[in-house]
>>> print(open('my_file.cif').read())   # mmCIF, C-alpha atoms
data_upload
#
loop_
_atom_site.group_PDB
_atom_site.id
_atom_site.type_symbol
_atom_site.label_atom_id
_atom_site.label_comp_id
_atom_site.auth_asym_id
_atom_site.auth_seq_id
_atom_site.Cartn_x
_atom_site.Cartn_y
_atom_site.Cartn_z
ATOM 1 C CA MET A 29 2.180 -20.290 -7.331
ATOM 2 C CA SER A 30 4.757 -17.880 -5.884
ATOM 3 C CA SER A 31 3.758 -16.025 -2.716
ATOM 4 C CA ILE A 32 4.594 -12.721 -4.475
ATOM 5 C CA VAL A 33 3.679 -11.629 -8.009
ATOM 6 C CA SER A 34 4.855 -8.491 -9.795
ATOM 7 C CA THR A 35 2.709 -5.824 -11.395
ATOM 8 C CA ASN A 36 4.023 -7.024 -14.772
ATOM 9 C CA TRP A 37 2.851 -10.563 -14.026
ATOM 10 C CA LEU A 38 -0.582 -9.373 -12.978
ATOM 11 C CA ALA A 39 -0.955 -7.132 -16.034
ATOM 12 C CA GLU A 40 -0.148 -10.082 -18.287
ATOM 13 C CA HIS A 41 -2.627 -12.403 -16.529
ATOM 14 C CA LEU A 42 -5.614 -10.120 -15.884
ATOM 15 C CA ALA A 43 -7.615 -11.775 -18.669
ATOM 16 C CA ASP A 44 -7.001 -15.301 -17.327
ATOM 17 C CA PRO A 45 -10.414 -16.781 -16.415
ATOM 18 C CA LYS A 46 -8.743 -18.780 -13.641
ATOM 19 C CA LEU A 47 -7.508 -15.616 -11.897
ATOM 20 C CA ARG A 48 -9.290 -13.729 -9.139
ATOM 21 C CA VAL A 49 -7.953 -10.388 -7.866
ATOM 22 C CA LEU A 50 -8.977 -9.124 -4.430
ATOM 23 C CA ASP A 51 -8.593 -5.628 -3.022
ATOM 24 C CA ALA A 52 -8.161 -6.348 0.697
ATOM 25 C CA SER A 53 -7.345 -2.815 1.826
ATOM 26 C CA TRP A 54 -7.976 -2.090 5.507
ATOM 27 C CA TYR A 55 -6.827 0.748 7.771
ATOM 28 C CA LEU A 56 -6.860 1.665 11.436
ATOM 29 C CA PRO A 57 -9.494 4.301 12.302
ATOM 30 C CA SER A 58 -6.664 6.736 13.069
ATOM 31 C CA ALA A 59 -5.712 6.693 9.367
ATOM 32 C CA HIS A 60 -9.055 8.322 8.475
ATOM 33 C CA ARG A 61 -9.278 6.320 5.249
ATOM 34 C CA ASP A 62 -12.345 4.565 3.857
ATOM 35 C CA ALA A 63 -11.043 1.441 2.138
ATOM 36 C CA HIS A 64 -14.308 0.625 0.356
ATOM 37 C CA ALA A 65 -14.783 4.166 -0.911
ATOM 38 C CA GLU A 66 -11.218 4.140 -2.230
ATOM 39 C CA TYR A 67 -11.904 0.828 -3.944
ATOM 40 C CA LEU A 68 -14.955 2.252 -5.702
ATOM 41 C CA ALA A 69 -12.933 5.277 -6.797
ATOM 42 C CA GLY A 70 -10.266 3.152 -8.455
ATOM 43 C CA HIS A 71 -9.035 -0.450 -8.349
ATOM 44 C CA VAL A 72 -7.200 -2.994 -10.468
ATOM 45 C CA PRO A 73 -9.572 -3.961 -13.317
ATOM 46 C CA GLY A 74 -11.771 -6.861 -12.286
ATOM 47 C CA ALA A 75 -10.726 -6.772 -8.630
ATOM 48 C CA ARG A 76 -13.373 -7.591 -6.045
ATOM 49 C CA PHE A 77 -13.390 -5.882 -2.629
ATOM 50 C CA LEU A 78 -12.793 -8.160 0.353
ATOM 51 C CA ASP A 79 -13.904 -6.427 3.546
ATOM 52 C CA LEU A 80 -11.514 -7.781 6.183
ATOM 53 C CA ASP A 81 -13.856 -6.920 9.043
ATOM 54 C CA ALA A 82 -16.808 -8.668 7.389
ATOM 55 C CA ALA A 83 -14.679 -11.691 6.428
ATOM 56 C CA SER A 84 -13.522 -12.183 10.032
ATOM 57 C CA ALA A 85 -15.295 -13.817 12.972
ATOM 58 C CA GLN A 86 -18.426 -11.928 14.055
ATOM 59 C CA ASP A 87 -18.933 -13.659 17.414
ATOM 60 C CA THR A 88 -16.050 -12.014 19.307
ATOM 61 C CA ASP A 89 -15.045 -8.542 20.462
ATOM 62 C CA LEU A 90 -11.487 -9.189 19.288
ATOM 63 C CA PRO A 91 -10.708 -7.673 15.882
ATOM 64 C CA HIS A 92 -9.992 -9.762 12.789
ATOM 65 C CA MET A 93 -10.175 -13.191 14.372
ATOM 66 C CA LEU A 94 -10.347 -16.152 12.025
ATOM 67 C CA PRO A 95 -13.899 -17.097 11.054
ATOM 68 C CA THR A 96 -15.077 -20.673 10.805
ATOM 69 C CA PRO A 97 -14.103 -22.541 7.638
ATOM 70 C CA GLU A 98 -17.746 -22.501 6.553
ATOM 71 C CA SER A 99 -18.040 -18.742 7.027
ATOM 72 C CA PHE A 100 -14.839 -18.052 5.097
ATOM 73 C CA ALA A 101 -15.936 -20.360 2.284
ATOM 74 C CA ASP A 102 -19.276 -18.567 2.025
ATOM 75 C CA HIS A 103 -17.643 -15.138 2.050
ATOM 76 C CA VAL A 104 -15.026 -15.730 -0.628
ATOM 77 C CA GLY A 105 -17.383 -17.902 -2.644
ATOM 78 C CA ALA A 106 -19.762 -14.936 -2.848
ATOM 79 C CA LEU A 107 -16.854 -12.959 -4.312
ATOM 80 C CA GLY A 108 -16.550 -15.527 -7.071
ATOM 81 C CA VAL A 109 -13.488 -17.295 -5.680
ATOM 82 C CA GLY A 110 -13.624 -21.055 -6.177
ATOM 83 C CA ASP A 111 -11.344 -23.992 -5.524
ATOM 84 C CA GLU A 112 -9.953 -23.797 -9.061
ATOM 85 C CA HIS A 113 -8.883 -20.163 -8.956
ATOM 86 C CA MET A 114 -5.532 -18.460 -8.551
ATOM 87 C CA VAL A 115 -5.916 -15.540 -6.163
ATOM 88 C CA VAL A 116 -3.891 -12.312 -6.093
ATOM 89 C CA VAL A 117 -4.441 -10.033 -3.106
ATOM 90 C CA TYR A 118 -3.367 -6.406 -2.741
ATOM 91 C CA ASP A 119 -3.962 -3.401 -0.518
ATOM 92 C CA GLY A 120 -3.476 0.345 -0.805
ATOM 93 C CA SER A 121 -1.200 0.884 2.201
ATOM 94 C CA GLY A 122 2.125 0.759 0.373
ATOM 95 C CA VAL A 123 3.586 -1.352 3.194
ATOM 96 C CA ASN A 124 1.655 -4.646 2.949
ATOM 97 C CA LEU A 125 -0.591 -3.863 5.901
ATOM 98 C CA SER A 126 -3.599 -6.101 5.236
ATOM 99 C CA ALA A 127 -3.048 -8.054 2.000
ATOM 100 C CA PRO A 128 -0.708 -10.581 3.691
ATOM 101 C CA ARG A 129 -3.404 -11.262 6.305
ATOM 102 C CA VAL A 130 -5.828 -12.328 3.584
ATOM 103 C CA TRP A 131 -3.051 -14.316 1.854
ATOM 104 C CA TRP A 132 -2.531 -16.107 5.187
ATOM 105 C CA MET A 133 -6.258 -16.703 5.670
ATOM 106 C CA PHE A 134 -6.487 -18.459 2.321
ATOM 107 C CA ARG A 135 -3.531 -20.664 3.256
ATOM 108 C CA VAL A 136 -4.975 -21.378 6.720
ATOM 109 C CA PHE A 137 -8.085 -22.664 4.982
ATOM 110 C CA GLY A 138 -6.117 -24.874 2.604
ATOM 111 C CA HIS A 139 -5.882 -22.752 -0.558
ATOM 112 C CA GLU A 140 -2.261 -22.596 -1.743
ATOM 113 C CA GLN A 141 -2.857 -20.831 -5.064
ATOM 114 C CA VAL A 142 -2.659 -17.351 -3.552
ATOM 115 C CA ALA A 143 -0.154 -14.504 -3.828
ATOM 116 C CA VAL A 144 0.311 -10.871 -2.793
ATOM 117 C CA LEU A 145 0.801 -8.188 -5.436
ATOM 118 C CA ASP A 146 4.285 -6.762 -4.925
ATOM 119 C CA GLY A 147 4.024 -3.015 -4.313
ATOM 120 C CA GLY A 148 0.240 -3.181 -4.063
ATOM 121 C CA LEU A 149 -2.096 -0.615 -5.531
ATOM 122 C CA ALA A 150 0.370 2.227 -4.918
ATOM 123 C CA LEU A 151 2.937 0.770 -7.324
ATOM 124 C CA TRP A 152 0.229 -0.179 -9.835
ATOM 125 C CA ARG A 153 -0.881 3.470 -9.843
ATOM 126 C CA ALA A 154 2.668 4.840 -9.947
ATOM 127 C CA GLU A 155 3.357 2.809 -13.074
ATOM 128 C CA GLY A 156 0.336 4.338 -14.789
ATOM 129 C CA ARG A 157 -1.514 1.062 -15.146
ATOM 130 C CA PRO A 158 -5.270 1.024 -15.815
ATOM 131 C CA LEU A 159 -7.823 1.429 -13.059
ATOM 132 C CA GLU A 160 -11.501 0.567 -12.920
ATOM 133 C CA THR A 161 -14.158 2.370 -10.896
ATOM 134 C CA GLY A 162 -17.315 1.123 -9.231
ATOM 135 C CA ALA A 163 -18.239 -2.321 -8.019
ATOM 136 C CA VAL A 164 -17.569 -5.511 -9.999
ATOM 137 C CA GLU A 165 -20.462 -7.874 -10.691
ATOM 138 C CA VAL A 166 -19.488 -11.476 -10.004
ATOM 139 C CA ALA A 167 -21.062 -14.896 -10.133
ATOM 140 C CA PRO A 168 -20.691 -16.930 -6.929
ATOM 141 C CA ALA A 169 -18.345 -19.900 -6.871
ATOM 142 C CA HIS A 170 -17.810 -22.962 -4.703
ATOM 143 C CA PHE A 171 -14.909 -22.709 -2.274
ATOM 144 C CA THR A 172 -13.874 -25.534 0.045
ATOM 145 C CA ALA A 173 -12.216 -24.432 3.294
ATOM 146 C CA ARG A 174 -10.269 -26.866 5.461
ATOM 147 C CA LEU A 175 -8.527 -25.484 8.530
ATOM 148 C CA ARG A 176 -4.778 -26.010 8.894
ATOM 149 C CA PRO A 177 -4.418 -25.572 12.679
ATOM 150 C CA GLU A 178 -0.615 -25.648 12.600
ATOM 151 C CA LEU A 179 -0.602 -22.154 11.048
ATOM 152 C CA VAL A 180 -2.473 -20.418 13.884
ATOM 153 C CA ARG A 181 -1.905 -20.007 17.638
ATOM 154 C CA ASP A 182 -4.376 -19.017 20.363
ATOM 155 C CA LEU A 183 -3.800 -17.528 23.823
ATOM 156 C CA GLN A 184 -3.279 -20.884 25.508
ATOM 157 C CA ALA A 185 -0.709 -21.973 22.934
ATOM 158 C CA VAL A 186 1.256 -18.723 23.202
ATOM 159 C CA ARG A 187 1.149 -18.922 26.996
ATOM 160 C CA ALA A 188 2.680 -22.395 26.737
ATOM 161 C CA HIS A 189 5.334 -21.171 24.274
ATOM 162 C CA VAL A 190 6.296 -18.406 26.717
ATOM 163 C CA ALA A 191 6.506 -20.836 29.642
ATOM 164 C CA ARG A 192 8.696 -23.294 27.695
ATOM 165 C CA ASP A 193 10.556 -20.611 25.708
ATOM 166 C CA ASP A 194 10.458 -23.010 22.769
ATOM 167 C CA SER A 195 9.432 -20.600 19.985
ATOM 168 C CA GLN A 196 10.432 -17.147 18.808
ATOM 169 C CA ILE A 197 7.610 -14.670 19.263
ATOM 170 C CA VAL A 198 8.138 -11.831 16.793
ATOM 171 C CA ASP A 199 6.141 -8.658 17.462
ATOM 172 C CA MET A 200 5.526 -6.635 14.291
ATOM 173 C CA ARG A 201 4.276 -3.446 15.988
ATOM 174 C CA SER A 202 6.246 -0.208 16.134
ATOM 175 C CA PRO A 203 9.149 0.048 18.613
ATOM 176 C CA GLY A 204 7.208 2.584 20.686
ATOM 177 C CA ARG A 205 4.292 0.247 21.171
ATOM 178 C CA PHE A 206 6.591 -2.733 21.741
ATOM 179 C CA THR A 207 8.408 -1.001 24.594
ATOM 180 C CA GLY A 208 5.251 0.568 26.016
ATOM 181 C CA ARG A 209 6.495 4.103 25.369
ATOM 182 C CA ASP A 210 3.668 4.913 22.951
ATOM 183 C CA PRO A 211 -0.041 4.368 23.705
ATOM 184 C CA GLU A 212 -1.986 1.634 22.004
ATOM 185 C CA PRO A 213 -4.506 2.749 19.355
ATOM 186 C CA ARG A 214 -7.178 0.578 20.957
ATOM 187 C CA PRO A 215 -8.460 1.597 24.420
ATOM 188 C CA GLY A 216 -7.988 -0.652 27.433
ATOM 189 C CA LEU A 217 -4.728 -2.274 26.364
ATOM 190 C CA ARG A 218 -1.562 -2.230 28.429
ATOM 191 C CA GLY A 219 1.735 -1.142 26.932
ATOM 192 C CA GLY A 220 4.649 -3.466 26.350
ATOM 193 C CA HIS A 221 5.092 -6.898 24.818
ATOM 194 C CA ILE A 222 4.821 -10.636 25.368
ATOM 195 C CA PRO A 223 7.782 -11.933 27.424
ATOM 196 C CA HIS A 224 10.770 -13.199 25.426
ATOM 197 C CA SER A 225 9.505 -11.658 22.192
ATOM 198 C CA VAL A 226 11.596 -9.650 19.737
ATOM 199 C CA ASN A 227 10.550 -6.611 17.729
ATOM 200 C CA LEU A 228 10.502 -6.273 13.937
ATOM 201 C CA PRO A 229 8.134 -3.577 12.616
ATOM 202 C CA PHE A 230 6.260 -4.880 9.579
ATOM 203 C CA SER A 231 6.941 -1.641 7.692
ATOM 204 C CA GLU A 232 10.645 -2.543 7.617
ATOM 205 C CA LEU A 233 9.981 -5.521 5.332
ATOM 206 C CA VAL A 234 9.381 -3.377 2.230
ATOM 207 C CA THR A 235 11.477 -0.970 0.177
ATOM 208 C CA ALA A 236 10.687 2.680 -0.536
ATOM 209 C CA ASP A 237 8.293 1.755 -3.378
ATOM 210 C CA GLY A 238 6.458 -0.840 -1.295
ATOM 211 C CA THR A 239 8.022 -3.901 -2.911
ATOM 212 C CA VAL A 240 9.446 -6.675 -0.771
ATOM 213 C CA LEU A 241 13.109 -6.829 0.198
ATOM 214 C CA ASP A 242 15.361 -9.027 -1.895
ATOM 215 C CA GLU A 243 16.211 -12.306 -0.175
ATOM 216 C CA GLU A 244 19.722 -11.314 0.907
ATOM 217 C CA THR A 245 18.508 -8.069 2.473
ATOM 218 C CA LEU A 246 15.548 -9.872 4.025
ATOM 219 C CA ARG A 247 17.781 -12.479 5.671
ATOM 220 C CA ALA A 248 20.010 -9.719 7.051
ATOM 221 C CA ARG A 249 17.016 -7.757 8.374
ATOM 222 C CA LEU A 250 15.634 -10.831 10.119
ATOM 223 C CA ALA A 251 19.032 -11.621 11.631
ATOM 224 C CA ASP A 252 19.423 -8.047 12.881
ATOM 225 C CA ALA A 253 16.079 -8.382 14.672
ATOM 226 C CA GLY A 254 17.174 -11.644 16.284
ATOM 227 C CA VAL A 255 14.941 -13.930 14.214
ATOM 228 C CA GLN A 256 16.547 -17.345 13.713
ATOM 229 C CA LEU A 257 15.247 -19.191 10.667
ATOM 230 C CA ASP A 258 15.965 -22.638 12.126
ATOM 231 C CA ARG A 259 13.624 -22.121 15.104
ATOM 232 C CA PRO A 260 9.808 -22.054 15.183
ATOM 233 C CA VAL A 261 8.321 -18.576 14.772
ATOM 234 C CA VAL A 262 5.073 -17.147 16.137
ATOM 235 C CA ALA A 263 4.187 -13.765 14.610
ATOM 236 C CA SER A 264 2.179 -11.208 16.567
ATOM 237 C CA CYS A 265 1.084 -7.580 16.152
ATOM 238 C CA GLY A 266 -1.820 -5.408 17.282
ATOM 239 C CA SER A 267 -4.742 -7.395 15.885
ATOM 240 C CA GLY A 268 -3.178 -10.262 13.919
ATOM 241 C CA THR A 269 -3.169 -8.327 10.646
ATOM 242 C CA SER A 270 0.270 -6.865 9.931
ATOM 243 C CA ALA A 271 1.958 -9.863 11.577
ATOM 244 C CA ALA A 272 1.076 -11.876 8.479
ATOM 245 C CA SER A 273 3.662 -9.861 6.534
ATOM 246 C CA LEU A 274 6.355 -11.768 8.422
ATOM 247 C CA LEU A 275 4.787 -15.106 7.492
ATOM 248 C CA LEU A 276 4.619 -14.011 3.861
ATOM 249 C CA ASN A 277 8.331 -13.230 3.874
ATOM 250 C CA LEU A 278 9.307 -16.372 5.765
ATOM 251 C CA HIS A 279 7.364 -18.357 3.173
ATOM 252 C CA ARG A 280 9.501 -16.717 0.474
ATOM 253 C CA LEU A 281 12.580 -18.110 2.267
ATOM 254 C CA GLY A 282 11.143 -21.611 2.553
ATOM 255 C CA VAL A 283 10.529 -21.422 6.314
ATOM 256 C CA THR A 284 7.612 -23.704 7.152
ATOM 257 C CA ASP A 285 7.484 -23.721 10.981
ATOM 258 C CA ALA A 286 5.785 -20.354 11.310
ATOM 259 C CA SER A 287 2.380 -19.463 12.715
ATOM 260 C CA LEU A 288 0.346 -16.400 13.681
ATOM 261 C CA TYR A 289 -1.026 -15.506 17.103
ATOM 262 C CA ASP A 290 -4.538 -14.628 16.017
ATOM 263 C CA GLY A 291 -5.561 -12.605 19.074
ATOM 264 C CA SER A 292 -2.203 -10.803 19.182
ATOM 265 C CA TRP A 293 -1.857 -7.751 21.440
ATOM 266 C CA SER A 294 -5.598 -7.007 21.337
ATOM 267 C CA GLU A 295 -6.031 -10.186 23.372
ATOM 268 C CA TRP A 296 -2.775 -10.430 25.343
ATOM 269 C CA GLY A 297 -2.675 -6.732 26.241
ATOM 270 C CA ALA A 298 -6.200 -6.858 27.634
ATOM 271 C CA SER A 299 -5.603 -10.016 29.658
ATOM 272 C CA ASP A 300 -3.761 -10.593 32.950
ATOM 273 C CA GLU A 301 -0.903 -12.398 31.191
ATOM 274 C CA PRO A 302 2.611 -11.151 32.006
ATOM 275 C CA VAL A 303 3.942 -8.154 30.099
ATOM 276 C CA GLU A 304 7.481 -6.872 29.573
ATOM 277 C CA GLN A 305 8.401 -3.268 28.828
#
>>> encode(input="my_file.cif", output="structure tokens")
Amino acid sequence: MSSIVSTNWLAEHLADPKLRVLDASWYLPSAHRDAHAEYLAGHVPGARFLDLDAASAQDTDLPHMLPTPESFADHVGALGVGDEHMVVVYDGSGVNLSAPRVWWMFRVFGHEQVAVLDGGLALWRAEGRPLETGAVEVAPAHFTARLRPELVRDLQAVRAHVARDDSQIVDMRSPGRFTGRDPEPRPGLRGGHIPHSVNLPFSELVTADGTVLDEETLRARLADAGVQLDRPVVASCGSGTSAASLLLNLHRLGVTDASLYDGSWSEWGASDEPVEQ
């Protein structure tokens, strides 16, 4: 299954009993948007709502950390997602804010039949495609989750990467937050970035209508940011959410040595690890 599917593809496959569509919309509190309320007001027909906060680890103060395989299996199984299903994930941000994170979570737990809807709900709406309101009743399914540790990095691993300078750390936050000029949206975090990292805002990986860049433009954008496709990549952001958009796009280019720093700046910025500005 391709990592990206078009609105045309989804429209043609909505009736497929092997397909599961997930609305994984999530927003920072500063956006003043209620993702679940928006889902109830209108979503792709048959889509189930995946609450990113509820699907993440509950035993940590860090936001959106990976849950255990068992917890993830229980959560998506309750949404009717089983081992046999193709999964299409979307969000309502228009810039692939949270859908790639859920795409990555499925892959981390061994499920390769997963894709992100190109353009998300915004493009689906703009094209005048049908919407459904209210919750969707689903029957639970059996999902088997097996962790792929090579796709995720923790604080100790990133510390080692910084010391050896053996991987590219790509920070997907805004330039203002990367340099420390702008305040962090979460209290208690220092400004700046992980040493030796480069900056590529995740919002620059989509076009004006929210669809992904074509491969030639994508390669040029990555090169301009200093990302070398023949070196290992560790993606980071504020809370490990938008960083997954880089992994989604690297996957499109066939890059396999790419992982995500799960704690991201929420962890590093609150620690005593070195910071550059």
>>> resolve_selection(input="my_file.cif", expression="the PyMOL selection byres ((chain A and resi 153-160) around 6)", output="PDB file with C-alpha atoms, in the coordinates of the input")
ATOM      1  CA  GLY A  70     -10.266   3.152  -8.455  1.00  0.00           C
ATOM      2  CA  HIS A  71      -9.035  -0.450  -8.349  1.00  0.00           C
ATOM      3  CA  VAL A  72      -7.200  -2.994 -10.468  1.00  0.00           C
ATOM      4  CA  PRO A  73      -9.572  -3.961 -13.317  1.00  0.00           C
ATOM      5  CA  ALA A 150       0.370   2.227  -4.918  1.00  0.00           C
ATOM      6  CA  LEU A 151       2.937   0.770  -7.324  1.00  0.00           C
ATOM      7  CA  TRP A 152       0.229  -0.179  -9.835  1.00  0.00           C
ATOM      8  CA  THR A 161     -14.158   2.370 -10.896  1.00  0.00           C
TER       9      THR A 161
END
>>> atom_distance(input="my_file.cif", atom1="CA of Pro97 (chain A)", atom2="CA of Thr269 (chain A)")
18.2 Å
>>> closest_residue(input="my_file.cif", among="A:Thr88, A:Thr235, A:Asp210, A:Arg48", to="Ala169 (chain A)", atoms="all atoms listed in the file")
A:Arg48
>>> closest_residue(input="my_file.cif", among="A:Ser195, A:Ser299, A:Gln184, A:Ser270", to="Tyr55 (chain A)", atoms="all atoms listed in the file")
A:Ser270
>>> resolve_selection(input="my_file.cif", expression="the PyMOL selection byres ((chain A and resi 256-262) around 8)", output="PyMOL selection string")
chain A and resi 181+194-198+250-251+254-255+263-264+283+285-289
>>> atom_distance(input="my_file.cif", atom1="CA of Pro223 (chain A)", atom2="CA of Val303 (chain A)")
6.0 Å
>>> residues_near_point(input="my_file.cif", point="(12.0, -9.8, 11.4)", cutoff="9 Å", atoms="only C-alpha atoms", output="PyMOL selection string")
chain A and resi 198-200+226-230+232-233+246-247+249-255+274
>>> atom_distance(input="my_file.cif", atom1="CA of Ala298 (chain A)", atom2="CA of Gly120 (chain A)")
29.5 Å
>>> resolve_selection(input="my_file.cif", expression="the PyMOL selection byres ((chain A and resi 115) around 6)", output="VMD selection string")
chain A and resid 47 to 49 114 116 142
